[in-house]
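Structure data (compact mmCIF, C-alpha atoms and all ligand atoms) from structure.txt:
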# COMPACT_ATOMS: atom_id res chain seq x y z
CA MET N 1 -30.29 4.58 15.08
CA ASN N 2 -26.58 4.52 14.23
CA VAL N 3 -24.69 7.72 14.80
CA ILE N 4 -22.61 8.89 11.84
CA GLU N 5 -20.14 11.64 12.56
CA ILE N 6 -18.20 13.58 9.97
CA ASN N 7 -15.13 15.52 11.04
CA GLU N 8 -15.21 18.53 8.73
CA ASN N 9 -11.66 19.54 9.61
CA ARG N 10 -10.42 16.31 8.06
CA CYS N 11 -12.90 15.84 5.22
CA LYS N 12 -11.58 16.86 1.78
CA GLY N 13 -14.88 16.31 0.01
CA CYS N 14 -13.76 13.43 -2.23
CA GLY N 15 -17.20 11.81 -2.13
CA LEU N 16 -15.94 8.25 -1.62
CA CYS N 17 -18.20 7.66 1.39
CA VAL N 18 -21.21 8.56 -0.74
CA GLY N 19 -19.99 6.23 -3.49
CA PHE N 20 -19.25 3.28 -1.20
CA CYS N 21 -22.40 3.50 0.96
CA PRO N 22 -24.75 0.70 -0.13
CA LYS N 23 -27.81 2.48 1.25
CA ASP N 24 -27.66 6.08 -0.01
CA VAL N 25 -27.41 7.40 3.53
CA LEU N 26 -24.99 10.14 2.54
CA GLU N 27 -25.13 12.82 -0.11
CA MET N 28 -22.74 15.48 -1.37
CA ARG N 29 -24.23 18.88 -0.68
CA LEU N 30 -22.66 22.24 -1.37
CA PRO N 31 -20.22 23.66 -0.51
CA ARG N 32 -18.40 20.30 -0.48
CA ALA N 33 -18.83 18.12 2.58
CA PRO N 34 -20.99 14.98 2.55
CA GLN N 35 -24.08 15.13 4.67
CA VAL N 36 -26.07 12.48 6.42
CA ILE N 37 -29.50 12.62 4.81
CA ARG N 38 -31.11 9.25 5.63
CA GLU N 39 -29.62 8.11 8.92
CA ASP N 40 -32.54 5.69 9.38
CA LEU N 41 -31.39 3.64 6.35
CA CYS N 42 -27.90 3.03 7.76
CA ILE N 43 -27.13 -0.66 8.27
CA GLY N 44 -23.90 -0.01 10.18
CA CYS N 45 -21.64 -1.73 7.65
CA LYS N 46 -18.95 0.92 8.25
CA GLN N 47 -17.85 0.95 4.62
CA CYS N 48 -17.79 4.74 4.77
CA GLU N 49 -15.64 4.74 7.91
CA LEU N 50 -13.19 2.08 6.72
CA LYS N 51 -12.77 3.46 3.22
CA CYS N 52 -12.54 7.16 4.05
CA PRO N 53 -8.89 7.95 3.17
CA ASP N 54 -8.88 10.85 5.62
CA PHE N 55 -10.21 9.22 8.80
CA ALA N 56 -13.06 11.74 8.74
CA ILE N 57 -16.08 9.47 9.36
CA THR N 58 -16.99 7.37 12.32
CA VAL N 59 -20.11 5.25 12.66
CA GLU N 60 -21.29 4.28 16.08
CA VAL N 61 -23.46 1.22 15.64
CA LYS N 62 -26.33 1.11 18.10
CA SER N 63 -28.15 -2.12 18.74
CA HIS N 64 -31.49 -2.29 16.97
CA ALA N 65 -34.23 -0.81 19.10
CA MET A 1 -1.50 -0.48 20.82
CA ARG A 2 -4.62 0.20 18.81
CA TRP A 3 -4.11 0.90 15.09
CA ASP A 4 -4.95 4.59 15.35
CA GLU A 5 -2.32 5.09 18.03
CA TYR A 6 0.29 4.49 15.34
CA LEU A 7 -0.92 7.63 13.53
CA LYS A 8 0.04 11.23 14.22
CA LYS A 9 -3.61 12.20 14.37
CA GLU A 10 -2.89 15.80 15.27
CA ARG A 11 -1.16 16.21 11.89
CA LEU A 12 -4.11 15.01 9.82
CA PRO A 13 -5.44 15.61 7.24
CA SER A 14 -2.61 14.40 5.05
CA PHE A 15 -1.42 16.37 2.01
CA TRP A 16 -2.72 13.67 -0.34
CA CYS A 17 -5.36 14.78 -2.84
CA ALA A 18 -9.06 14.35 -2.12
CA GLY A 19 -9.89 10.77 -3.07
CA CYS A 20 -6.31 9.42 -3.23
CA GLY A 21 -6.14 5.79 -2.09
CA TYR A 22 -3.04 6.25 0.05
CA GLY A 23 -5.01 7.15 3.18
CA GLN A 24 -6.66 3.73 2.97
CA VAL A 25 -3.28 2.04 2.70
CA MET A 26 -2.00 4.07 5.64
CA ARG A 27 -4.92 2.71 7.67
CA SER A 28 -4.01 -0.83 6.57
CA LEU A 29 -0.38 -0.31 7.51
CA ALA A 30 -1.39 0.92 10.96
CA MET A 31 -3.73 -2.08 11.33
CA ALA A 32 -0.86 -4.42 10.38
CA LEU A 33 1.31 -2.83 13.07
CA GLU A 34 -1.44 -3.48 15.59
CA LYS A 35 -1.87 -7.09 14.39
CA THR A 36 1.85 -7.82 14.72
CA ARG A 37 2.04 -5.89 18.00
CA ALA A 38 4.88 -3.84 16.59
CA ALA A 39 6.56 -1.64 19.19
CA LEU A 40 7.29 1.90 18.04
CA GLU A 41 10.92 1.71 19.09
CA ASN A 42 11.39 -1.54 17.15
CA THR A 43 9.83 -0.38 13.92
CA VAL A 44 11.21 1.80 11.17
CA ILE A 45 9.50 2.99 8.04
CA VAL A 46 11.94 3.62 5.21
CA SER A 47 10.82 5.61 2.21
CA GLY A 48 12.05 7.00 -1.02
CA ILE A 49 10.35 9.99 -2.64
CA GLY A 50 6.82 10.28 -3.94
CA CYS A 51 3.31 10.84 -2.64
CA TRP A 52 3.24 7.40 -1.00
CA GLY A 53 6.72 7.91 0.46
CA HIS A 54 5.26 10.71 2.53
CA VAL A 55 3.23 8.26 4.59
CA ASP A 56 5.94 8.46 7.27
CA SER A 57 4.87 12.06 7.94
CA TRP A 58 1.65 10.87 9.58
CA MET A 59 2.88 7.72 11.30
CA LYS A 60 4.62 7.49 14.65
CA PRO A 61 7.27 4.77 14.16
CA ASN A 62 10.85 5.82 13.39
CA ALA A 63 11.27 6.97 9.84
CA PHE A 64 14.13 7.16 7.41
CA HIS A 65 13.13 9.37 4.51
CA GLY A 66 15.66 8.58 1.83
CA ILE A 67 16.07 9.52 -1.80
CA HIS A 68 14.04 8.55 -4.82
CA GLY A 69 14.41 4.92 -5.83
CA ARG A 70 16.90 4.06 -3.12
CA ALA A 71 14.70 3.15 -0.16
CA LEU A 72 15.61 -0.54 -0.40
CA ALA A 73 19.32 0.23 -0.24
CA PHE A 74 18.92 2.20 3.01
CA ALA A 75 16.54 -0.38 4.41
CA THR A 76 18.99 -3.21 3.68
CA GLY A 77 21.65 -1.39 5.68
CA ILE A 78 19.29 -0.72 8.57
CA LYS A 79 18.11 -4.34 8.73
CA LEU A 80 21.61 -5.80 8.55
CA ALA A 81 22.85 -3.48 11.28
CA SER A 82 19.84 -4.21 13.53
CA PRO A 83 18.20 -7.46 12.44
CA ALA A 84 15.62 -7.36 15.24
CA LEU A 85 13.91 -4.28 13.81
CA ASN A 86 10.71 -4.43 11.75
CA VAL A 87 11.81 -2.64 8.63
CA ILE A 88 8.95 -1.55 6.40
CA VAL A 89 9.84 -0.05 3.06
CA VAL A 90 7.22 2.16 1.43
CA MET A 91 7.59 2.80 -2.28
CA GLY A 92 5.48 3.91 -5.21
CA ASP A 93 5.63 2.16 -8.56
CA GLY A 94 7.99 4.86 -9.77
CA ASP A 95 10.17 4.70 -6.71
CA GLY A 96 10.08 0.91 -6.35
CA VAL A 97 10.20 -0.57 -9.83
CA THR A 98 11.04 2.25 -12.23
CA ILE A 99 13.93 4.40 -11.01
CA GLY A 100 14.50 1.87 -8.22
CA GLY A 101 13.94 -1.25 -10.32
CA ASN A 102 17.46 -2.53 -10.04
CA HIS A 103 17.42 -2.30 -6.24
CA PHE A 104 14.08 -4.08 -6.28
CA ILE A 105 15.17 -7.15 -8.23
CA HIS A 106 18.33 -7.52 -6.20
CA ALA A 107 16.44 -7.15 -2.92
CA CYS A 108 14.15 -9.99 -4.04
CA ARG A 109 17.16 -12.14 -4.86
CA ARG A 110 19.16 -11.24 -1.74
CA ASN A 111 16.30 -12.02 0.67
CA VAL A 112 17.03 -9.58 3.49
CA GLY A 113 13.95 -9.69 5.76
CA LEU A 114 12.31 -6.40 4.79
CA THR A 115 8.62 -5.79 4.23
CA ALA A 116 8.15 -3.81 1.02
CA VAL A 117 4.78 -2.13 0.61
CA VAL A 118 4.71 -1.02 -3.00
CA CYS A 119 1.74 1.18 -3.83
CA ASN A 120 1.00 0.97 -7.52
CA ASN A 121 -1.00 3.93 -8.78
CA LEU A 122 0.05 3.37 -12.39
CA ASN A 123 1.97 6.64 -12.73
CA TYR A 124 4.29 9.17 -11.08
CA GLY A 125 1.78 10.95 -8.86
CA MET A 126 3.94 13.51 -7.15
CA THR A 127 5.53 15.00 -10.25
CA GLY A 128 2.35 15.34 -12.29
CA GLY A 129 1.24 12.01 -13.68
CA GLN A 130 4.05 10.95 -16.01
CA TYR A 131 4.08 7.29 -17.08
CA SER A 132 6.03 4.80 -14.97
CA GLY A 133 7.17 1.21 -15.48
CA THR A 134 3.71 -0.03 -14.50
CA THR A 135 1.54 2.27 -16.63
CA PRO A 136 -0.77 0.05 -18.69
CA GLU A 137 -0.50 0.15 -22.47
CA ASP A 138 -2.71 2.73 -24.21
CA SER A 139 -3.13 4.80 -21.04
CA ILE A 140 -3.11 8.57 -21.30
CA THR A 141 -0.55 10.18 -19.01
CA SER A 142 1.11 13.57 -19.07
CA THR A 143 3.99 12.02 -21.06
CA SER A 144 1.87 9.78 -23.30
CA ARG A 145 -0.81 12.09 -24.62
CA TYR A 146 -1.79 9.78 -27.49
CA GLY A 147 -1.66 6.59 -25.43
CA HIS A 148 1.23 4.75 -23.81
CA ILE A 149 3.09 2.51 -26.25
CA GLU A 150 5.32 0.55 -23.84
CA GLN A 151 4.61 -2.76 -22.11
CA SER A 152 4.19 -2.56 -18.36
CA PHE A 153 5.72 -4.49 -15.49
CA ASP A 154 3.59 -6.81 -13.38
CA ILE A 155 5.26 -6.12 -10.02
CA CYS A 156 4.36 -9.47 -8.45
CA ARG A 157 5.58 -11.49 -11.41
CA LEU A 158 8.74 -9.44 -11.52
CA ALA A 159 9.32 -10.18 -7.81
CA GLU A 160 8.72 -13.88 -8.36
CA ALA A 161 11.12 -14.08 -11.28
CA ALA A 162 13.73 -12.24 -9.22
CA GLY A 163 13.50 -14.82 -6.44
CA ALA A 164 11.23 -13.31 -3.76
CA HIS A 165 9.77 -15.70 -1.18
CA PHE A 166 6.62 -13.84 -0.07
CA ILE A 167 4.43 -11.98 -2.56
CA ALA A 168 0.93 -10.59 -2.07
CA ARG A 169 -1.33 -8.13 -3.83
CA SER A 170 -4.33 -6.19 -2.67
CA ILE A 171 -6.41 -3.17 -3.64
CA SER A 172 -6.43 -0.09 -1.43
CA GLU A 173 -10.15 -0.08 -0.71
CA ASN A 174 -9.94 -3.57 0.80
CA VAL A 175 -8.31 -2.17 3.91
CA VAL A 176 -8.64 -5.31 6.01
CA ALA A 177 -7.26 -7.63 3.31
CA THR A 178 -4.36 -5.25 2.74
CA ALA A 179 -3.64 -5.15 6.48
CA ASP A 180 -3.61 -8.97 6.56
CA CYS A 181 -1.18 -9.15 3.65
CA ILE A 182 1.18 -6.64 5.26
CA ALA A 183 0.97 -8.36 8.65
CA GLU A 184 1.73 -11.76 7.10
CA GLY A 185 4.67 -10.25 5.25
CA MET A 186 5.98 -8.76 8.50
CA LYS A 187 5.82 -12.13 10.22
CA ARG A 188 8.10 -13.74 7.63
CA GLU A 189 11.87 -13.76 8.05
CA ASN A 190 12.03 -13.49 4.26
CA PHE A 191 11.87 -10.43 2.06
CA ALA A 192 8.17 -9.73 1.53
CA VAL A 193 6.56 -7.79 -1.29
CA ILE A 194 3.02 -6.47 -0.91
CA GLU A 195 1.72 -4.65 -3.94
CA VAL A 196 -1.30 -2.43 -3.32
CA MET A 197 -3.26 -1.11 -6.28
CA SER A 198 -4.17 2.42 -5.23
CA PRO A 199 -5.87 5.08 -7.34
CA CYS A 200 -4.13 8.32 -8.27
CA THR A 201 -7.43 10.01 -8.87
CA THR A 202 -5.92 13.40 -9.69
CA HIS A 203 -3.67 12.31 -12.55
CA TYR A 204 -4.24 8.76 -13.77
CA GLY A 205 -7.96 8.92 -13.04
CA ARG A 206 -8.67 12.25 -14.71
CA ASN A 207 -6.36 11.53 -17.64
CA ASN A 208 -8.24 8.32 -18.34
CA ASN A 209 -11.85 9.45 -18.22
CA MET A 210 -12.50 8.71 -14.57
CA ARG A 211 -13.57 12.17 -13.50
CA LYS A 212 -14.83 11.37 -10.02
CA PRO A 213 -12.55 9.53 -7.57
CA ILE A 214 -15.09 6.74 -7.04
CA GLU A 215 -14.91 5.82 -10.74
CA MET A 216 -11.27 4.80 -10.50
CA TYR A 217 -12.03 2.70 -7.42
CA ARG A 218 -14.77 0.92 -9.37
CA ARG A 219 -12.41 0.30 -12.30
CA ILE A 220 -9.72 -1.21 -10.05
CA LYS A 221 -12.24 -3.35 -8.22
CA SER A 222 -13.63 -4.67 -11.51
CA LEU A 223 -10.15 -5.86 -12.54
CA ALA A 224 -9.22 -7.57 -9.26
CA VAL A 225 -9.68 -11.34 -9.11
CA PRO A 226 -9.07 -13.20 -5.82
CA VAL A 227 -6.45 -15.92 -6.11
CA GLY A 228 -8.95 -18.75 -5.56
CA THR A 229 -11.25 -17.55 -8.35
CA ALA A 230 -8.35 -16.84 -10.70
CA ALA A 231 -7.25 -20.48 -10.50
CA LYS A 232 -10.53 -21.48 -12.18
CA LEU A 233 -10.35 -18.95 -15.00
CA SER A 234 -8.69 -19.33 -18.39
CA SER A 235 -5.96 -16.97 -19.52
CA GLU A 236 -8.49 -15.33 -21.89
CA GLN A 237 -10.84 -14.69 -18.99
CA MET A 238 -7.96 -13.20 -17.00
CA GLU A 239 -6.94 -10.88 -19.84
CA GLY A 240 -6.37 -7.37 -18.46
CA LYS A 241 -7.17 -8.46 -14.90
CA PHE A 242 -4.91 -9.00 -11.92
CA VAL A 243 -4.86 -11.53 -9.09
CA THR A 244 -5.20 -10.53 -5.44
CA GLY A 245 -4.32 -12.34 -2.22
CA ILE A 246 -1.16 -14.11 -1.10
CA LEU A 247 0.38 -15.21 -4.38
CA LEU A 248 3.57 -16.86 -3.16
CA ASP A 249 4.80 -17.91 0.28
CA ARG A 250 7.70 -20.31 0.01
CA PRO A 251 10.17 -21.27 2.72
CA GLY A 252 13.77 -20.19 2.50
CA GLU A 253 16.60 -18.89 4.60
CA ASP A 254 16.89 -15.16 4.84
CA TYR A 255 20.14 -13.34 4.33
CA PHE A 256 20.86 -12.82 8.03
CA THR A 257 20.48 -16.52 8.88
CA ARG A 258 22.77 -17.49 6.03
CA TYR A 259 25.29 -14.88 7.06
CA GLN A 260 25.39 -16.16 10.62
CA ASN A 261 25.79 -19.76 9.46
CA ASN A 262 28.54 -18.63 7.20
CA ILE A 263 30.40 -17.00 10.10
CA LYS A 264 29.91 -20.12 12.22
CA VAL A 265 31.44 -22.33 9.54
CA LYS A 266 34.32 -19.93 9.20
CA ALA A 267 34.93 -19.94 12.97
CA GLN A 268 34.83 -23.73 13.11
CA THR A 269 37.27 -24.05 10.25
CA ALA A 270 39.63 -21.57 11.91
CA ALA A 271 39.44 -23.46 15.24
CA LYS A 272 40.18 -26.75 13.49
CA GLU A 273 43.16 -25.29 11.71
CA GLU A 274 44.54 -23.96 15.00
CA GLY A 275 44.06 -27.37 16.61
CA THR A 276 46.12 -29.23 13.99
C1 LIG Q 1 16.73 11.09 -8.40
C2 LIG Q 1 15.39 11.72 -8.57
N1 LIG Q 1 14.80 11.72 -9.79
C3 LIG Q 1 13.58 12.27 -9.94
C4 LIG Q 1 12.95 12.87 -8.90
C5 LIG Q 1 11.59 13.49 -9.10
N2 LIG Q 1 10.53 12.67 -8.58
C6 LIG Q 1 10.02 12.87 -7.36
S1 LIG Q 1 8.76 11.84 -6.99
C7 LIG Q 1 8.88 11.09 -8.52
C8 LIG Q 1 7.96 9.98 -8.95
C9 LIG Q 1 7.08 9.47 -7.90
O1 LIG Q 1 6.29 8.42 -8.41
P1 LIG Q 1 6.00 7.14 -7.55
O2 LIG Q 1 7.24 6.60 -7.00
O3 LIG Q 1 5.18 6.22 -8.39
O4 LIG Q 1 5.17 7.67 -6.31
P2 LIG Q 1 3.76 8.43 -6.23
O5 LIG Q 1 4.07 9.88 -6.17
O6 LIG Q 1 2.97 8.04 -7.43
O7 LIG Q 1 3.22 7.92 -4.96
C10 LIG Q 1 9.90 11.66 -9.28
C11 LIG Q 1 10.24 11.25 -10.66
C12 LIG Q 1 13.60 12.87 -7.64
N3 LIG Q 1 13.02 13.38 -6.55
N4 LIG Q 1 14.81 12.31 -7.51
S1 LIG Q 2 -22.19 2.49 7.87
FE1 LIG Q 2 -22.70 1.62 5.83
S2 LIG Q 2 -24.88 2.08 5.54
FE2 LIG Q 2 -24.19 3.38 7.23
S3 LIG Q 2 -23.62 5.33 6.24
FE3 LIG Q 2 -21.73 4.11 6.38
S4 LIG Q 2 -21.63 3.04 4.41
FE4 LIG Q 2 -23.76 3.79 4.62
S1 LIG Q 3 -1.07 13.19 -7.08
FE1 LIG Q 3 -2.09 11.19 -7.21
S2 LIG Q 3 -0.86 9.84 -5.85
FE2 LIG Q 3 -0.32 11.98 -5.34
S3 LIG Q 3 -1.68 12.52 -3.61
FE3 LIG Q 3 -2.70 13.18 -5.53
S4 LIG Q 3 -4.05 11.45 -6.10
FE4 LIG Q 3 -2.53 10.67 -4.60
Could the structure of this file be written out as C-alpha cells, please?
Ligand SMILES: Cc1ncc(C[n+]2csc(CCOP(=O)(O)OP(=O)(O)O)c2C)c(N)n1
Ligand code: SF4
Ligand code: SF4
Amino acid sequence: MNVIEINENRCKGCGLCVGFCPKDVLEMRLPRAPQVIREDLCIGCKQCELKCPDFAITVEVKSHA
Amino acid sequence: MRWDEYLKKERLPSFWCAGCGYGQVMRSLAMALEKTRAALENTVIVSGIGCWGHVDSWMKPNAFHGIHGRALAFATGIKLASPALNVIVVMGDGDGVTIGGNHFIHACRRNVGLTAVVCNNLNYGMTGGQYSGTTPEDSITSTSRYGHIEQSFDICRLAEAAGAHFIARSISENVVATADCIAEGMKRENFAVIEVMSPCTTHYGRNNNMRKPIEMYRRIKSLAVPVGTAAKLSSEQMEGKFVTGILLDRPGEDYFTRYQNNIKVKAQTAAKEEGT
C-alpha cells in the first residue's frame, strides 16, 4: 500500500488534497487537518502531493504487492 | 539541485492563506530552477509588493524586494548591469499590470531578457480584495460591491500588443505545465511573460460565491482551454474562457545584444575616422 504522510506543522487545513484526490482517500475531520481514511484506494497519482500549496503531503508509492 | 533545495523549508509554512494558489506556483518556480539548472549565485528574484511578491521569503536565490509596481524597473537595471544573471520578476496582477502597467508595456517593447512570472488572482489580494486591472466584469470585489463595471486586461494579449517575444499562460494547479512555461521563458534571451491564473480564495473566491478553496480551482480549470484545442473553437465557444500553453515564441534580438552591436558599430566608425 502507498504511504501517505501529512505534515501537520505545515498543513493549513485548506482541503485541496481532499478535493483533488480522485479516489476519496482523504477526508477533512475535525479539528481541521485532512486524514487518510481509505489508504487502500490510493492509486499513487500524487495529485494531493503536487497540488498541496503548503508542501504538507508526501505519497510514497509502493509497487503493487 | 533538486527543486526543493531551492526552498527555505525551515521557514515554511508560508504566510499565504489556506488554499491560496501561490504555494503551487512557488513549487513550479522551484521546479523551473531545477530544470534550467539555475545556480543560486546566478539567480535573482525581483519582486514588487503583494502576496505573490512575498515568494522570495521562502526561496533561496538572491532577492531584491522592491516597491509596488516597480519590480520591472529594478530588474531591468540588474539585468543590464549583470547580463549573465537569471533575473526572475515576480508580480501580481496589481503589481504587474495595474499600478505597474506602464513599466510592463515598456518592458515588453524594450526586450531586456527578464522572465516575468505574473500571477493573476483577479484582485489585490494583500490589501483586502479590491478590484485590479484584470478583475472580470460583473465580479464582486471589496471596491465593486454591486459588480465591477470596467473592462479587464487580458495580460497575454496586452504583452503581445506591446511587442513581447515569449508569452505563456498556465493555471496554478497545473504545477508541471507552469514549471515548463517558466523554464522555457528562462531559456530565452528575450523578455518572457508567463501569466499564471492563481486563486485568491480568501477575497475573490469568497466574494464571488466560491466558499471553499476547491471551488475556485474548479472554476479556473473550467475556463482554461489548451492552445491546441482553442485553435479549433469559434470565438463564441471561447467566450469567457482563456487559452493556456505557450502562446507566442518569436525570434528577436534582445536589448543587450542590440546594445553590444551598437557599441561595436560605434567603435568601428570611430576607428575609421581616426584612420582617415
Ligand atoms: C505605491 C503603493 N501603492 C499602494 C500600495 C498598497 N498595496 C500593497 S499590495 C497592493 C496590491 C497587491 O495586489 P497584487 O499586485 O495583485 O498582488 P497580490 O497581493 O494579489 O498577490 C497594494 C495596492 C503600496 N504598497 N505601494
Ligand atoms: S496519491 Fe492520488 S489517490 Fe492517493 S491520496 Fe493522493 S490524490 Fe488520492
Ligand atoms: S489574500 Fe488572497 S492572494 Fe493573498 S495569500 Fe490570501 S488567498 Fe492568497
Quick check: residues of chain N within 12 Å of chain A, only C-alpha atoms, returned as a short mmCIF file (atom, residue, chain, number, x, y, z; two decimals) with C-alpha atoms, in the frame of the given file.
data_model
loop_
_atom_site.label_atom_id
_atom_site.label_comp_id
_atom_site.auth_asym_id
_atom_site.auth_seq_id
_atom_site.Cartn_x
_atom_site.Cartn_y
_atom_site.Cartn_z
CA ASN N 7 -15.13 15.52 11.04
CA GLU N 8 -15.21 18.53 8.73
CA ASN N 9 -11.66 19.54 9.61
CA ARG N 10 -10.42 16.31 8.06
CA CYS N 11 -12.90 15.84 5.22
CA LYS N 12 -11.58 16.86 1.78
CA GLY N 13 -14.88 16.31 0.01
CA CYS N 14 -13.76 13.43 -2.23
CA GLY N 15 -17.20 11.81 -2.13
CA LEU N 16 -15.94 8.25 -1.62
CA CYS N 17 -18.20 7.66 1.39
CA VAL N 18 -21.21 8.56 -0.74
CA GLY N 19 -19.99 6.23 -3.49
CA PHE N 20 -19.25 3.28 -1.20
CA CYS N 21 -22.40 3.50 0.96
CA ARG N 32 -18.40 20.30 -0.48
CA ALA N 33 -18.83 18.12 2.58
CA LYS N 46 -18.95 0.92 8.25
CA GLN N 47 -17.85 0.95 4.62
CA CYS N 48 -17.79 4.74 4.77
CA GLU N 49 -15.64 4.74 7.91
CA LEU N 50 -13.19 2.08 6.72
CA LYS N 51 -12.77 3.46 3.22
CA CYS N 52 -12.54 7.16 4.05
CA PRO N 53 -8.89 7.95 3.17
CA ASP N 54 -8.88 10.85 5.62
CA PHE N 55 -10.21 9.22 8.80
CA ALA N 56 -13.06 11.74 8.74
#
Handout entry: Close residues to ligand LIG 1 (chain Q) using all atoms listed in the file, limit 8 Å, as a PyMOL selection string
Key = chain A and resi 48-53+67-69+91-96+98-99+119-127+129+132+200
Exercise for the section: Between atom CA of Asn207 of chain A and atom CA of Thr178 of chain A, measure the distance and give it in Å to one decimal. Expected result: 26.5 Å
Exercise for the section: Find the residues around Ala32 of chain A up to 10 Å (all atoms listed in the file counted), leave out those fewer than 2 positions away in its own chain, and share them as an MDAnalysis selection string. Expected result: chainID A and resid 3 26:30 34:38 176 178:186
If the box runs along x, y and z of the file and leaves 3 Å on each side of segment 54-60 of chain A, what are its centre and edge lengths in Å, one decimal, as JSON?
{"center_x": 3.8, "center_y": 9.8, "center_z": 8.6, "size_x": 10.3, "size_y": 10.6, "size_z": 18.1}
Exercise for the section: Find the residue from A:Tyr255, A:Phe104, A:Tyr204, A:Tyr6 that sits nearest to Asn190 of chain A; use only C-alpha atoms when measuring. Expected result: A:Tyr255
Problem - Which residue of N:Pro31, N:Gly44, N:Arg38, N:Glu5 approaches ligand LIG 2 (chain Q) most closely, using only C-alpha atoms and all ligand atoms - result: N:Gly44
Practice task
Considering all atoms listed in the file, return as number ranges by chain whatever protein or nucleic-acid residues lie within 12 Å of Glu41 of chain A, sequence-local ones (same chain, fewer than 4 positions apart) excluded.
Solution key: A: 6, 37, 45, 60-63, 84-87
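Take atom CA of Thr202 of chain A and atom S4 of ligand LIG 3 (chain Q): the distance between them is 4.5 Å.
The smallest atom-to-atom distance between Ile246 of chain A and any of A:Ser170, A:Thr115, A:Ser57, A:Thr76, using all atoms listed in the file, is found for A:Ser170.
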Handout entry: Length of the atom CA of Thr143 of chain A to atom CA of Gln130 of chain A vector [Å]
Key = 5.2 Å
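For the residues A:Ser235, A:Gly101, A:His203, A:Leu223, ranking by smallest atom-to-atom distance to Gly128 of chain A using all atoms listed in the file places A:His203 first.
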